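Reproduced below: work.pdb, with PDB, C-alpha atoms.
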```pdb
ATOM      1  CA  MET A  20       9.233 -64.780 -98.151
ATOM      2  CA  GLU A  21       5.542 -65.453 -98.654
ATOM      3  CA  GLU A  22       3.275 -62.441 -98.439
ATOM      4  CA  SER A  23       0.734 -62.059 -95.644
ATOM      5  CA  ILE A  24      -1.618 -59.161 -96.317
ATOM      6  CA  ILE A  25      -4.226 -57.409 -94.168
ATOM      7  CA  ILE A  26      -6.781 -54.990 -95.629
ATOM      8  CA  ILE A  27      -8.371 -52.763 -92.965
ATOM      9  CA  GLY A  28     -11.653 -51.277 -94.172
ATOM     10  CA  SER A  29     -12.247 -53.907 -96.838
ATOM     11  CA  ASN A  30     -16.025 -53.417 -97.145
ATOM     12  CA  GLY A  31     -15.755 -50.074 -98.909
ATOM     13  CA  GLN A  32     -15.620 -49.063-102.550
ATOM     14  CA  ILE A  33     -11.854 -49.527-102.908
ATOM     15  CA  GLY A  34     -11.425 -52.382-100.433
ATOM     16  CA  THR A  35     -13.954 -54.692-102.062
ATOM     17  CA  GLU A  36     -12.189 -54.634-105.425
ATOM     18  CA  LEU A  37      -8.677 -54.424-104.013
ATOM     19  CA  ALA A  38      -9.288 -57.603-102.010
ATOM     20  CA  LEU A  39     -10.304 -59.477-105.156
ATOM     21  CA  ALA A  40      -7.205 -58.267-107.013
ATOM     22  CA  LEU A  41      -4.807 -59.120-104.176
ATOM     23  CA  ARG A  42      -6.349 -62.560-103.634
ATOM     24  CA  SER A  43      -6.064 -63.246-107.342
ATOM     25  CA  LYS A  44      -2.385 -62.313-107.197
ATOM     26  CA  TYR A  45      -1.265 -63.838-103.892
ATOM     27  CA  GLY A  46      -3.902 -66.461-103.084
ATOM     28  CA  VAL A  47      -7.126 -66.291-101.084
ATOM     29  CA  GLU A  48      -5.677 -67.398 -97.755
ATOM     30  CA  ARG A  49      -2.796 -64.899 -97.939
ATOM     31  CA  VAL A  50      -5.128 -61.888 -97.868
ATOM     32  CA  VAL A  51      -7.092 -61.155 -94.693
ATOM     33  CA  THR A  52      -9.978 -58.736 -95.111
ATOM     34  CA  SER A  53     -11.339 -56.798 -92.150
ATOM     35  CA  ASP A  54     -13.875 -54.127 -91.324
ATOM     36  CA  ILE A  55     -15.988 -52.801 -88.481
ATOM     37  CA  ARG A  56     -18.959 -54.785 -89.854
ATOM     38  CA  GLU A  57     -19.407 -58.116 -91.553
ATOM     39  CA  PRO A  58     -19.356 -57.806 -95.357
ATOM     40  CA  SER A  59     -22.793 -57.603 -96.991
ATOM     41  CA  ILE A  60     -21.683 -60.279 -99.444
ATOM     42  CA  VAL A  61     -19.732 -63.043 -97.767
ATOM     43  CA  ALA A  62     -16.618 -63.632 -99.852
ATOM     44  CA  GLN A  63     -14.248 -66.534 -99.818
ATOM     45  CA  GLY A  64     -11.223 -66.058 -97.578
ATOM     46  CA  PRO A  65     -10.348 -65.012 -94.008
ATOM     47  CA  PHE A  66     -12.199 -62.045 -92.485
ATOM     48  CA  GLU A  67     -11.795 -60.328 -89.118
ATOM     49  CA  LEU A  68     -14.032 -57.809 -87.359
ATOM     50  CA  ILE A  69     -11.759 -54.846 -86.566
ATOM     51  CA  ASN A  70     -12.328 -51.342 -85.258
ATOM     52  CA  VAL A  71      -9.254 -49.389 -86.348
ATOM     53  CA  LEU A  72      -9.551 -47.257 -83.197
ATOM     54  CA  ASP A  73      -9.071 -50.321 -80.980
ATOM     55  CA  LYS A  74      -5.286 -50.538 -80.942
ATOM     56  CA  GLU A  75      -5.081 -53.624 -78.731
ATOM     57  CA  LEU A  76      -7.452 -55.554 -80.973
ATOM     58  CA  LEU A  77      -5.382 -54.448 -83.945
ATOM     59  CA  ARG A  78      -2.236 -55.635 -82.171
ATOM     60  CA  SER A  79      -3.769 -59.072 -81.639
ATOM     61  CA  ILE A  80      -4.553 -59.295 -85.374
ATOM     62  CA  PHE A  81      -0.963 -58.329 -86.242
ATOM     63  CA  GLU A  82       0.290 -60.967 -83.786
ATOM     64  CA  GLN A  83      -1.954 -63.585 -85.358
ATOM     65  CA  TYR A  84      -1.125 -62.949 -89.016
ATOM     66  CA  HIS A  85       2.315 -61.242 -88.943
ATOM     67  CA  PRO A  86       1.510 -59.194 -92.057
ATOM     68  CA  THR A  87       4.142 -58.282 -94.619
ATOM     69  CA  GLN A  88       1.766 -55.757 -96.224
ATOM     70  CA  VAL A  89      -1.041 -53.684 -94.688
ATOM     71  CA  TYR A  90      -3.615 -51.651 -96.625
ATOM     72  CA  LEU A  91      -5.424 -49.118 -94.413
ATOM     73  CA  LEU A  92      -8.632 -48.036 -96.170
ATOM     74  CA  ALA A  93     -10.901 -47.311 -93.192
ATOM     75  CA  ALA A  94     -11.968 -43.656 -93.360
ATOM     76  CA  VAL A  95     -14.862 -41.214 -93.217
ATOM     77  CA  LEU A  96     -15.226 -39.497 -96.609
ATOM     78  CA  SER A  97     -15.761 -35.837 -97.505
ATOM     79  CA  ALA A  98     -19.521 -35.261 -97.500
ATOM     80  CA  VAL A  99     -20.183 -37.604 -94.557
ATOM     81  CA  GLY A 100     -17.270 -36.130 -92.619
ATOM     82  CA  GLU A 101     -18.777 -32.632 -92.708
ATOM     83  CA  GLN A 102     -21.801 -33.950 -90.819
ATOM     84  CA  ASN A 103     -19.642 -35.105 -87.881
ATOM     85  CA  PRO A 104     -16.203 -33.470 -88.151
ATOM     86  CA  LYS A 105     -14.691 -34.573 -84.833
ATOM     87  CA  MET A 106     -15.678 -38.190 -85.372
ATOM     88  CA  ALA A 107     -14.213 -38.074 -88.880
ATOM     89  CA  TRP A 108     -10.950 -36.575 -87.620
ATOM     90  CA  ASP A 109     -10.649 -39.168 -84.854
ATOM     91  CA  LEU A 110     -11.263 -42.140 -87.132
ATOM     92  CA  ASN A 111      -9.077 -40.890 -89.975
ATOM     93  CA  MET A 112      -6.127 -39.752 -87.833
ATOM     94  CA  THR A 113      -6.102 -42.072 -84.806
ATOM     95  CA  GLY A 114      -6.708 -45.059 -87.064
ATOM     96  CA  LEU A 115      -3.732 -44.125 -89.231
ATOM     97  CA  LEU A 116      -1.411 -43.591 -86.259
ATOM     98  CA  ASN A 117      -2.486 -46.911 -84.707
ATOM     99  CA  VAL A 118      -1.584 -48.757 -87.908
ATOM    100  CA  LEU A 119       1.702 -46.886 -88.410
ATOM    101  CA  ASP A 120       2.802 -47.662 -84.842
ATOM    102  CA  LEU A 121       1.974 -51.352 -85.213
ATOM    103  CA  ALA A 122       3.611 -51.530 -88.634
ATOM    104  CA  VAL A 123       6.849 -50.301 -87.055
ATOM    105  CA  GLU A 124       6.446 -52.631 -84.053
ATOM    106  CA  PHE A 125       5.856 -55.713 -86.233
ATOM    107  CA  ASN A 126       8.360 -54.827 -88.985
ATOM    108  CA  VAL A 127       5.726 -54.705 -91.740
ATOM    109  CA  SER A 128       7.465 -54.537 -95.118
ATOM    110  CA  LYS A 129       4.989 -52.190 -96.858
ATOM    111  CA  VAL A 130       1.990 -50.099 -95.849
ATOM    112  CA  PHE A 131      -0.553 -48.527 -98.221
ATOM    113  CA  TRP A 132      -2.719 -45.614 -97.128
ATOM    114  CA  PRO A 133      -4.917 -43.605 -99.520
ATOM    115  CA  SER A 134      -4.910 -39.834 -99.601
ATOM    116  CA  SER A 135      -7.181 -37.709-101.791
ATOM    117  CA  ILE A 136      -7.471 -34.630-103.971
ATOM    118  CA  ALA A 137      -9.285 -33.228-100.909
ATOM    119  CA  VAL A 138      -5.825 -32.167 -99.611
ATOM    120  CA  PHE A 139      -6.041 -29.277-102.075
ATOM    121  CA  GLY A 140      -8.123 -26.199-101.341
ATOM    122  CA  PRO A 141      -9.394 -22.836-102.586
ATOM    123  CA  HIS A 142      -5.893 -21.422-103.156
ATOM    124  CA  SER A 143      -4.418 -24.497-104.842
ATOM    125  CA  PRO A 144      -3.992 -24.230-108.629
ATOM    126  CA  LYS A 145      -7.208 -25.483-110.245
ATOM    127  CA  GLU A 146      -5.863 -26.655-113.600
ATOM    128  CA  ASN A 147      -3.121 -29.272-113.901
ATOM    129  CA  THR A 148      -2.642 -29.146-110.121
ATOM    130  CA  PRO A 149       0.999 -30.063-109.424
ATOM    131  CA  GLN A 150       2.398 -32.485-106.872
ATOM    132  CA  TYR A 151       3.792 -29.637-104.788
ATOM    133  CA  CYS A 152       1.698 -26.493-104.330
ATOM    134  CA  ILE A 153      -0.387 -24.600-101.779
ATOM    135  CA  MET A 154      -2.669 -27.017 -99.924
ATOM    136  CA  ASP A 155      -5.361 -25.358 -97.811
ATOM    137  CA  PRO A 156      -8.142 -27.954 -97.478
ATOM    138  CA  ASN A 157     -11.422 -26.679 -96.072
ATOM    139  CA  THR A 158     -13.077 -29.992 -95.140
ATOM    140  CA  VAL A 159     -12.238 -32.216 -92.193
ATOM    141  CA  TYR A 160     -11.623 -35.030 -94.672
ATOM    142  CA  GLY A 161      -9.063 -32.914 -96.500
ATOM    143  CA  LEU A 162      -7.482 -31.769 -93.239
ATOM    144  CA  SER A 163      -7.091 -35.347 -92.059
ATOM    145  CA  LYS A 164      -5.618 -36.445 -95.387
ATOM    146  CA  GLN A 165      -3.125 -33.575 -95.442
ATOM    147  CA  ALA A 166      -2.074 -34.319 -91.864
ATOM    148  CA  GLY A 167      -1.933 -38.018 -92.698
ATOM    149  CA  GLU A 168       0.469 -37.355 -95.567
ATOM    150  CA  ARG A 169       2.792 -35.566 -93.172
ATOM    151  CA  TRP A 170       2.633 -38.467 -90.720
ATOM    152  CA  CYS A 171       3.392 -40.976 -93.474
ATOM    153  CA  GLU A 172       6.431 -38.986 -94.562
ATOM    154  CA  TYR A 173       7.509 -38.663 -90.920
ATOM    155  CA  TYR A 174       7.311 -42.416 -90.271
ATOM    156  CA  PHE A 175       9.282 -43.080 -93.456
ATOM    157  CA  ASN A 176      12.026 -40.638 -92.476
ATOM    158  CA  LYS A 177      12.171 -41.496 -88.764
ATOM    159  CA  TYR A 178      11.469 -45.247 -88.749
ATOM    160  CA  ASN A 179      12.259 -46.210 -92.365
ATOM    161  CA  LEU A 180       8.706 -47.534 -92.736
ATOM    162  CA  ASP A 181       8.022 -48.236 -96.396
ATOM    163  CA  ILE A 182       4.665 -46.498 -96.693
ATOM    164  CA  ARG A 183       3.151 -45.699-100.074
ATOM    165  CA  SER A 184       0.166 -43.560-100.948
ATOM    166  CA  ILE A 185      -1.976 -42.177-103.763
ATOM    167  CA  ARG A 186      -4.065 -39.015-103.804
ATOM    168  CA  TYR A 187      -7.117 -40.590-105.372
ATOM    169  CA  PRO A 188      -9.433 -38.426-107.470
ATOM    170  CA  GLY A 189     -13.120 -39.363-107.734
ATOM    171  CA  LEU A 190     -13.425 -43.142-108.165
ATOM    172  CA  ILE A 191     -16.064 -44.655-110.435
ATOM    173  CA  SER A 192     -17.134 -48.268-110.052
ATOM    174  CA  TRP A 193     -20.140 -50.422-110.885
ATOM    175  CA  LYS A 194     -19.349 -53.226-108.419
ATOM    176  CA  THR A 195     -19.956 -51.420-105.118
ATOM    177  CA  ALA A 196     -22.131 -48.585-103.838
ATOM    178  CA  PRO A 197     -20.574 -45.140-103.391
ATOM    179  CA  GLY A 198     -19.364 -44.311 -99.904
ATOM    180  CA  GLY A 199     -20.421 -40.721 -99.267
ATOM    181  CA  GLY A 200     -17.988 -38.682-101.339
ATOM    182  CA  THR A 201     -18.526 -35.442-103.239
ATOM    183  CA  THR A 202     -17.611 -37.071-106.560
ATOM    184  CA  ASP A 203     -20.211 -39.820-106.095
ATOM    185  CA  TYR A 204     -22.618 -38.153-108.532
ATOM    186  CA  ALA A 205     -20.533 -39.798-111.265
ATOM    187  CA  ILE A 206     -21.683 -43.196-109.974
ATOM    188  CA  HIS A 207     -25.299 -42.341-109.087
ATOM    189  CA  ILE A 208     -25.879 -40.889-112.546
ATOM    190  CA  PHE A 209     -25.353 -44.260-114.228
ATOM    191  CA  HIS A 210     -27.707 -46.068-111.855
ATOM    192  CA  ASP A 211     -30.471 -43.502-112.360
ATOM    193  CA  ALA A 212     -29.895 -43.315-116.116
ATOM    194  CA  LEU A 213     -30.713 -47.018-116.383
ATOM    195  CA  SER A 214     -33.465 -47.212-113.745
ATOM    196  CA  LYS A 215     -35.242 -43.862-114.249
ATOM    197  CA  GLY A 216     -33.931 -42.352-117.471
ATOM    198  CA  SER A 217     -33.048 -39.144-115.639
ATOM    199  CA  TYR A 218     -30.800 -37.809-112.898
ATOM    200  CA  ASP A 219     -30.951 -34.848-110.491
ATOM    201  CA  CYS A 220     -27.335 -33.776-110.051
ATOM    202  CA  PHE A 221     -26.194 -32.125-106.815
ATOM    203  CA  LEU A 222     -23.255 -30.432-108.598
ATOM    204  CA  SER A 223     -23.587 -27.700-111.226
ATOM    205  CA  ALA A 224     -23.279 -28.325-114.950
ATOM    206  CA  GLU A 225     -19.825 -26.730-115.229
ATOM    207  CA  THR A 226     -18.234 -28.427-112.183
ATOM    208  CA  LYS A 227     -15.203 -30.167-113.627
ATOM    209  CA  LEU A 228     -13.489 -32.740-111.404
ATOM    210  CA  PRO A 229     -10.721 -35.318-111.888
ATOM    211  CA  MET A 230     -11.935 -38.922-111.959
ATOM    212  CA  LEU A 231     -10.516 -42.428-112.228
ATOM    213  CA  TYR A 232     -12.217 -45.674-113.221
ATOM    214  CA  MET A 233     -11.859 -48.241-110.451
ATOM    215  CA  GLU A 234     -10.091 -50.777-112.641
ATOM    216  CA  ASP A 235      -7.385 -48.189-113.288
ATOM    217  CA  ALA A 236      -7.268 -47.243-109.593
ATOM    218  CA  ILE A 237      -6.700 -50.834-108.464
ATOM    219  CA  ARG A 238      -4.090 -51.430-111.146
ATOM    220  CA  GLY A 239      -2.309 -48.195-110.238
ATOM    221  CA  THR A 240      -2.313 -49.122-106.558
ATOM    222  CA  LEU A 241      -0.766 -52.529-107.229
ATOM    223  CA  GLU A 242       1.802 -51.009-109.599
ATOM    224  CA  LEU A 243       2.845 -48.542-106.913
ATOM    225  CA  MET A 244       3.131 -51.285-104.295
ATOM    226  CA  GLU A 245       5.226 -53.425-106.650
ATOM    227  CA  ALA A 246       7.591 -50.599-107.659
ATOM    228  CA  PRO A 247      11.173 -50.759-106.325
ATOM    229  CA  ALA A 248      11.520 -48.549-103.257
ATOM    230  CA  THR A 249      14.507 -46.832-104.821
ATOM    231  CA  ASN A 250      12.264 -45.533-107.646
ATOM    232  CA  LEU A 251       9.890 -43.694-105.316
ATOM    233  CA  ARG A 252      10.581 -40.026-104.673
ATOM    234  CA  ILE A 253       7.265 -39.250-102.972
ATOM    235  CA  ARG A 254       6.665 -40.509 -99.425
ATOM    236  CA  SER A 255       3.701 -38.290 -98.669
ATOM    237  CA  SER A 256       1.271 -39.238-101.463
ATOM    238  CA  TYR A 257       1.397 -39.338-105.265
ATOM    239  CA  ASN A 258      -0.905 -37.280-107.456
ATOM    240  CA  LEU A 259      -2.849 -39.645-109.713
ATOM    241  CA  THR A 260      -5.561 -39.083-112.266
ATOM    242  CA  GLY A 261      -7.357 -40.524-115.241
ATOM    243  CA  ILE A 262      -9.760 -38.009-116.821
ATOM    244  CA  SER A 263     -11.539 -34.778-115.905
ATOM    245  CA  PHE A 264     -15.110 -33.985-116.945
ATOM    246  CA  THR A 265     -18.231 -32.052-115.963
ATOM    247  CA  PRO A 266     -21.715 -33.483-115.300
ATOM    248  CA  GLU A 267     -22.798 -32.050-118.638
ATOM    249  CA  GLN A 268     -19.976 -33.813-120.503
ATOM    250  CA  LEU A 269     -20.787 -37.086-118.762
ATOM    251  CA  SER A 270     -24.461 -36.652-119.598
ATOM    252  CA  SER A 271     -23.619 -36.128-123.276
ATOM    253  CA  GLU A 272     -21.631 -39.365-123.304
ATOM    254  CA  ILE A 273     -24.477 -41.275-121.632
ATOM    255  CA  LYS A 274     -26.923 -39.950-124.253
ATOM    256  CA  LYS A 275     -24.893 -41.678-126.967
ATOM    257  CA  HIS A 276     -26.115 -44.939-125.410
ATOM    258  CA  LEU A 277     -29.428 -43.747-123.918
ATOM    259  CA  PRO A 278     -30.717 -40.929-126.184
ATOM    260  CA  SER A 279     -33.737 -40.137-123.989
ATOM    261  CA  PHE A 280     -31.669 -39.600-120.827
ATOM    262  CA  SER A 281     -32.211 -36.215-119.164
ATOM    263  CA  LEU A 282     -30.132 -34.364-116.587
ATOM    264  CA  SER A 283     -31.335 -31.690-114.159
ATOM    265  CA  TYR A 284     -29.558 -29.809-111.380
ATOM    266  CA  LEU A 285     -30.366 -29.374-107.689
ATOM    267  CA  PRO A 286     -29.576 -25.917-106.281
ATOM    268  CA  ASN A 287     -27.801 -25.098-103.009
ATOM    269  CA  ASP A 288     -26.357 -28.507-102.190
ATOM    270  CA  PRO A 289     -23.525 -28.277 -99.611
ATOM    271  CA  ARG A 290     -21.380 -30.633-101.694
ATOM    272  CA  GLN A 291     -21.058 -27.915-104.342
ATOM    273  CA  ALA A 292     -18.850 -25.820-102.051
ATOM    274  CA  ILE A 293     -16.610 -28.834-101.439
ATOM    275  CA  ALA A 294     -16.278 -29.516-105.173
ATOM    276  CA  ASP A 295     -15.534 -25.843-105.870
ATOM    277  CA  SER A 296     -12.501 -26.007-103.587
ATOM    278  CA  TRP A 297     -10.982 -28.978-105.406
ATOM    279  CA  PRO A 298      -8.855 -29.143-108.584
ATOM    280  CA  SER A 299     -10.466 -29.561-111.981
ATOM    281  CA  SER A 300      -7.472 -31.471-113.362
ATOM    282  CA  ILE A 301      -4.361 -33.086-111.875
ATOM    283  CA  ASN A 302      -0.725 -33.288-112.923
ATOM    284  CA  ASP A 303       0.598 -36.790-112.161
ATOM    285  CA  ASP A 304       4.033 -36.559-113.822
ATOM    286  CA  TYR A 305       5.784 -38.007-110.752
ATOM    287  CA  ALA A 306       3.656 -41.171-110.894
ATOM    288  CA  GLN A 307       4.325 -41.502-114.619
ATOM    289  CA  GLN A 308       8.074 -41.090-114.184
ATOM    290  CA  ASP A 309       8.596 -43.049-110.953
ATOM    291  CA  TRP A 310       6.468 -46.135-111.577
ATOM    292  CA  GLY A 311       5.159 -45.921-115.121
ATOM    293  CA  TRP A 312       1.590 -44.847-114.400
ATOM    294  CA  ASN A 313      -0.676 -44.717-117.447
ATOM    295  CA  PRO A 314      -4.504 -44.808-117.245
ATOM    296  CA  HIS A 315      -6.365 -47.077-119.657
ATOM    297  CA  PHE A 316      -9.866 -45.568-119.438
ATOM    298  CA  ASN A 317     -11.174 -42.374-121.027
ATOM    299  CA  LEU A 318     -14.703 -40.937-120.770
ATOM    300  CA  ALA A 319     -16.017 -42.970-123.696
ATOM    301  CA  ASN A 320     -14.899 -46.441-122.607
ATOM    302  CA  LEU A 321     -15.619 -45.662-118.936
ATOM    303  CA  THR A 322     -19.224 -44.803-119.818
ATOM    304  CA  GLU A 323     -19.611 -47.889-121.965
ATOM    305  CA  GLU A 324     -18.213 -50.147-119.205
ATOM    306  CA  MET A 325     -20.425 -48.644-116.504
ATOM    307  CA  LEU A 326     -23.661 -48.865-118.492
ATOM    308  CA  SER A 327     -22.945 -52.346-119.819
ATOM    309  CA  ASN A 328     -22.092 -53.844-116.426
ATOM    310  CA  LEU A 329     -24.864 -52.103-114.507
ATOM    311  CA  LYS A 330     -27.423 -53.111-117.133
ATOM    312  CA  GLN A 331     -26.289 -56.713-116.831
ATOM    313  CA  ASN A 332     -26.640 -56.499-113.048
ATOM    314  CA  LEU A 333     -30.181 -55.145-113.361
ATOM    315  CA  GLU A 334     -31.155 -57.927-115.753
ATOM    316  CA  THR A 335     -29.901 -60.655-113.401
ATOM    317  CA  THR A 336     -31.569 -59.292-110.257
TER     318      THR A 336
END
```

Write out the structure in this file as structure tokens.
Amino acid sequence: MEESIIIIGSNGQIGTELALALRSKYGVERVVTSDIREPSIVAQGPFELINVLDKELLRSIFEQYHPTQVYLLAAVLSAVGEQNPKMAWDLNMTGLLNVLDLAVEFNVSKVFWPSSIAVFGPHSPKENTPQYCIMDPNTVYGLSKQAGERWCEYYFNKYNLDIRSIRYPGLISWKTAPGGGTTDYAIHIFHDALSKGSYDCFLSAETKLPMLYMEDAIRGTLELMEAPATNLRIRSSYNLTGISFTPEQLSSEIKKHLPSFSLSYLPNDPRQAIADSWPSSINDDYAQQDWGWNPHFNLANLTEEMLSNLKQNLETT
């Protein structure tokens, strides 16, 4: 059976690169991208304007394309969500339930939905945070992701819907702009290092957070989706990580390439409280055992890749 894939929320940080990877694998015409707005850069391949809250419009898209796989990426992220909590909850939860219902109705073979380390909270273990532990998120983004994990598990158990998920850590990419997350300093810092030679960080020097280079994140997502269903023990969402570091450690690595780079810190930013409630490192043993997860990027080659690619972009614009 030939694959027919729909990506909902394809304009974002993950969706942009995931679409390229899926089209490379399955063919351009087999992968339909969609978002609430037209993409800023018009890419080759089918695109549909979709509001994930409009269930009847979604149903018409499912009727048109009869997808075998659906990737739901539309969401309001952590820092943005705190500015409008009820809107964030509605988009993140109602959008998920709309897609799950239609996936059951149209017998979709596989669904991917991303969760986040935001499901953890102040009483979760900070170091080597395990797959199963106390989860007491204190942001609306984290609340919606924790509830979403329960819904995913419910639809798997009740309707046998093959839904797969990853708790993404902070994602670092040079191809697209950050989307309003607390970990986005680790993207902004590279842009400012090259354009200004300095960066004002909204997190403190000792704030250690788990991160993942986007190339690893996309590869891990595809590996999970390709894994035999019988191998998968987790139907809520898999812990996944690459490396953990602080702003100061990242700054030191950048200085190996840009010796004059300087880092300063902004006091009293509300994103600090969000970061303080999250893990500093993640245990992803289940992902390693169930589908062979193994990150390729460490802090050194991540930094080199980011600076090299962003510098090239600046020189060609």

Range 228-238 of chain A environment, 7 Å, only C-alpha atoms, sequence neighbours closer than 2 positions dropped, as a PyMOL selection string
chain A and resi 37+188-192+226+240-242+260-265+298-301+314-316+321

Report as CSV the residues of range 249-293 of chain A within 10 Å of range 100-116 of chain A, each with its shortest atom pair and distance in Å (one decimal), using only C-alpha atoms, ordered by chain and increasing residue number.
```
residue,atom,partner,partner_atom,distance
A:Pro289,CA,A:Glu101,CA,9.4
A:Arg290,CA,A:Glu101,CA,9.6
A:Ile293,CA,A:Glu101,CA,9.8
```

Please compute the CA of Tyr160 in chain A-CA of Cys220 in chain A distance, one decimal, in Å.
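Separating CA of Tyr160 in chain A from CA of Cys220 in chain A is a distance of 22.0 Å.
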
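Proximity to Thr201 in chain A at 10 Å, evaluated using all atoms listed in the file and with sequence-adjacent residues fewer than 4 positions away removed, yields Leu96, Ser97, Ala98, Val99, Ala137, Gly189, Pro197, Ala205, Phe221, Leu222, Leu228, Pro289, Arg290, Gln291, Ala292, Ile293 and Ala294 of chain A.
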
Kindly indicate which residue among A:Ser53, A:Ser135, A:Ser281, A:Gln150 lies nearest to Asp219 in chain A, using only C-alpha atoms for the distances.
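Result for the nearest residue to Asp219 in chain A: A:Ser281.
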
Name the residues captured by the PyMOL selection byres ((chain A and resi 243) around 12) when it is applied to the shown file; answer as a JSON list (two decimals) with C-alpha atoms, keeping the file's coordinate frame.
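What landed in selection12.json:
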```json
[["chain", "number", "residue", "atom", "x", "y", "z"],
["A", 129, "LYS", "CA", 4.99, -52.19, -96.86],
["A", 130, "VAL", "CA", 1.99, -50.10, -95.85],
["A", 131, "PHE", "CA", -0.55, -48.53, -98.22],
["A", 132, "TRP", "CA", -2.72, -45.61, -97.13],
["A", 133, "PRO", "CA", -4.92, -43.60, -99.52],
["A", 181, "ASP", "CA", 8.02, -48.24, -96.40],
["A", 182, "ILE", "CA", 4.66, -46.50, -96.69],
["A", 183, "ARG", "CA", 3.15, -45.70, -100.07],
["A", 184, "SER", "CA", 0.17, -43.56, -100.95],
["A", 185, "ILE", "CA", -1.98, -42.18, -103.76],
["A", 236, "ALA", "CA", -7.27, -47.24, -109.59],
["A", 237, "ILE", "CA", -6.70, -50.83, -108.46],
["A", 238, "ARG", "CA", -4.09, -51.43, -111.15],
["A", 239, "GLY", "CA", -2.31, -48.20, -110.24],
["A", 240, "THR", "CA", -2.31, -49.12, -106.56],
["A", 241, "LEU", "CA", -0.77, -52.53, -107.23],
["A", 242, "GLU", "CA", 1.80, -51.01, -109.60],
["A", 244, "MET", "CA", 3.13, -51.28, -104.30],
["A", 245, "GLU", "CA", 5.23, -53.42, -106.65],
["A", 246, "ALA", "CA", 7.59, -50.60, -107.66],
["A", 247, "PRO", "CA", 11.17, -50.76, -106.32],
["A", 248, "ALA", "CA", 11.52, -48.55, -103.26],
["A", 249, "THR", "CA", 14.51, -46.83, -104.82],
["A", 250, "ASN", "CA", 12.26, -45.53, -107.65],
["A", 251, "LEU", "CA", 9.89, -43.69, -105.32],
["A", 252, "ARG", "CA", 10.58, -40.03, -104.67],
["A", 253, "ILE", "CA", 7.26, -39.25, -102.97],
["A", 254, "ARG", "CA", 6.66, -40.51, -99.42],
["A", 256, "SER", "CA", 1.27, -39.24, -101.46],
["A", 257, "TYR", "CA", 1.40, -39.34, -105.26],
["A", 258, "ASN", "CA", -0.90, -37.28, -107.46],
["A", 259, "LEU", "CA", -2.85, -39.65, -109.71],
["A", 305, "TYR", "CA", 5.78, -38.01, -110.75],
["A", 306, "ALA", "CA", 3.66, -41.17, -110.89],
["A", 307, "GLN", "CA", 4.32, -41.50, -114.62],
["A", 308, "GLN", "CA", 8.07, -41.09, -114.18],
["A", 309, "ASP", "CA", 8.60, -43.05, -110.95],
["A", 310, "TRP", "CA", 6.47, -46.14, -111.58],
["A", 311, "GLY", "CA", 5.16, -45.92, -115.12],
["A", 312, "TRP", "CA", 1.59, -44.85, -114.40],
["A", 313, "ASN", "CA", -0.68, -44.72, -117.45]]
```

Evaluating the PyMOL selection byres ((chain A and resi 195) around 8) on the displayed file yields which residues, as number ranges by chain?
A: 31-32, 35, 192-194, 196-197

Given 6 Å on each side, where is the centre and what are the edge lengths in Å to one decimal of the axis-aligned box enclosing the listed atoms of range 288-303 of chain A, as AutoDock Vina command-line options?
```
--center_x -12.9 --center_y -31.3 --center_z -106.5 --size_x 39.0 --size_y 23.0 --size_z 25.8
```
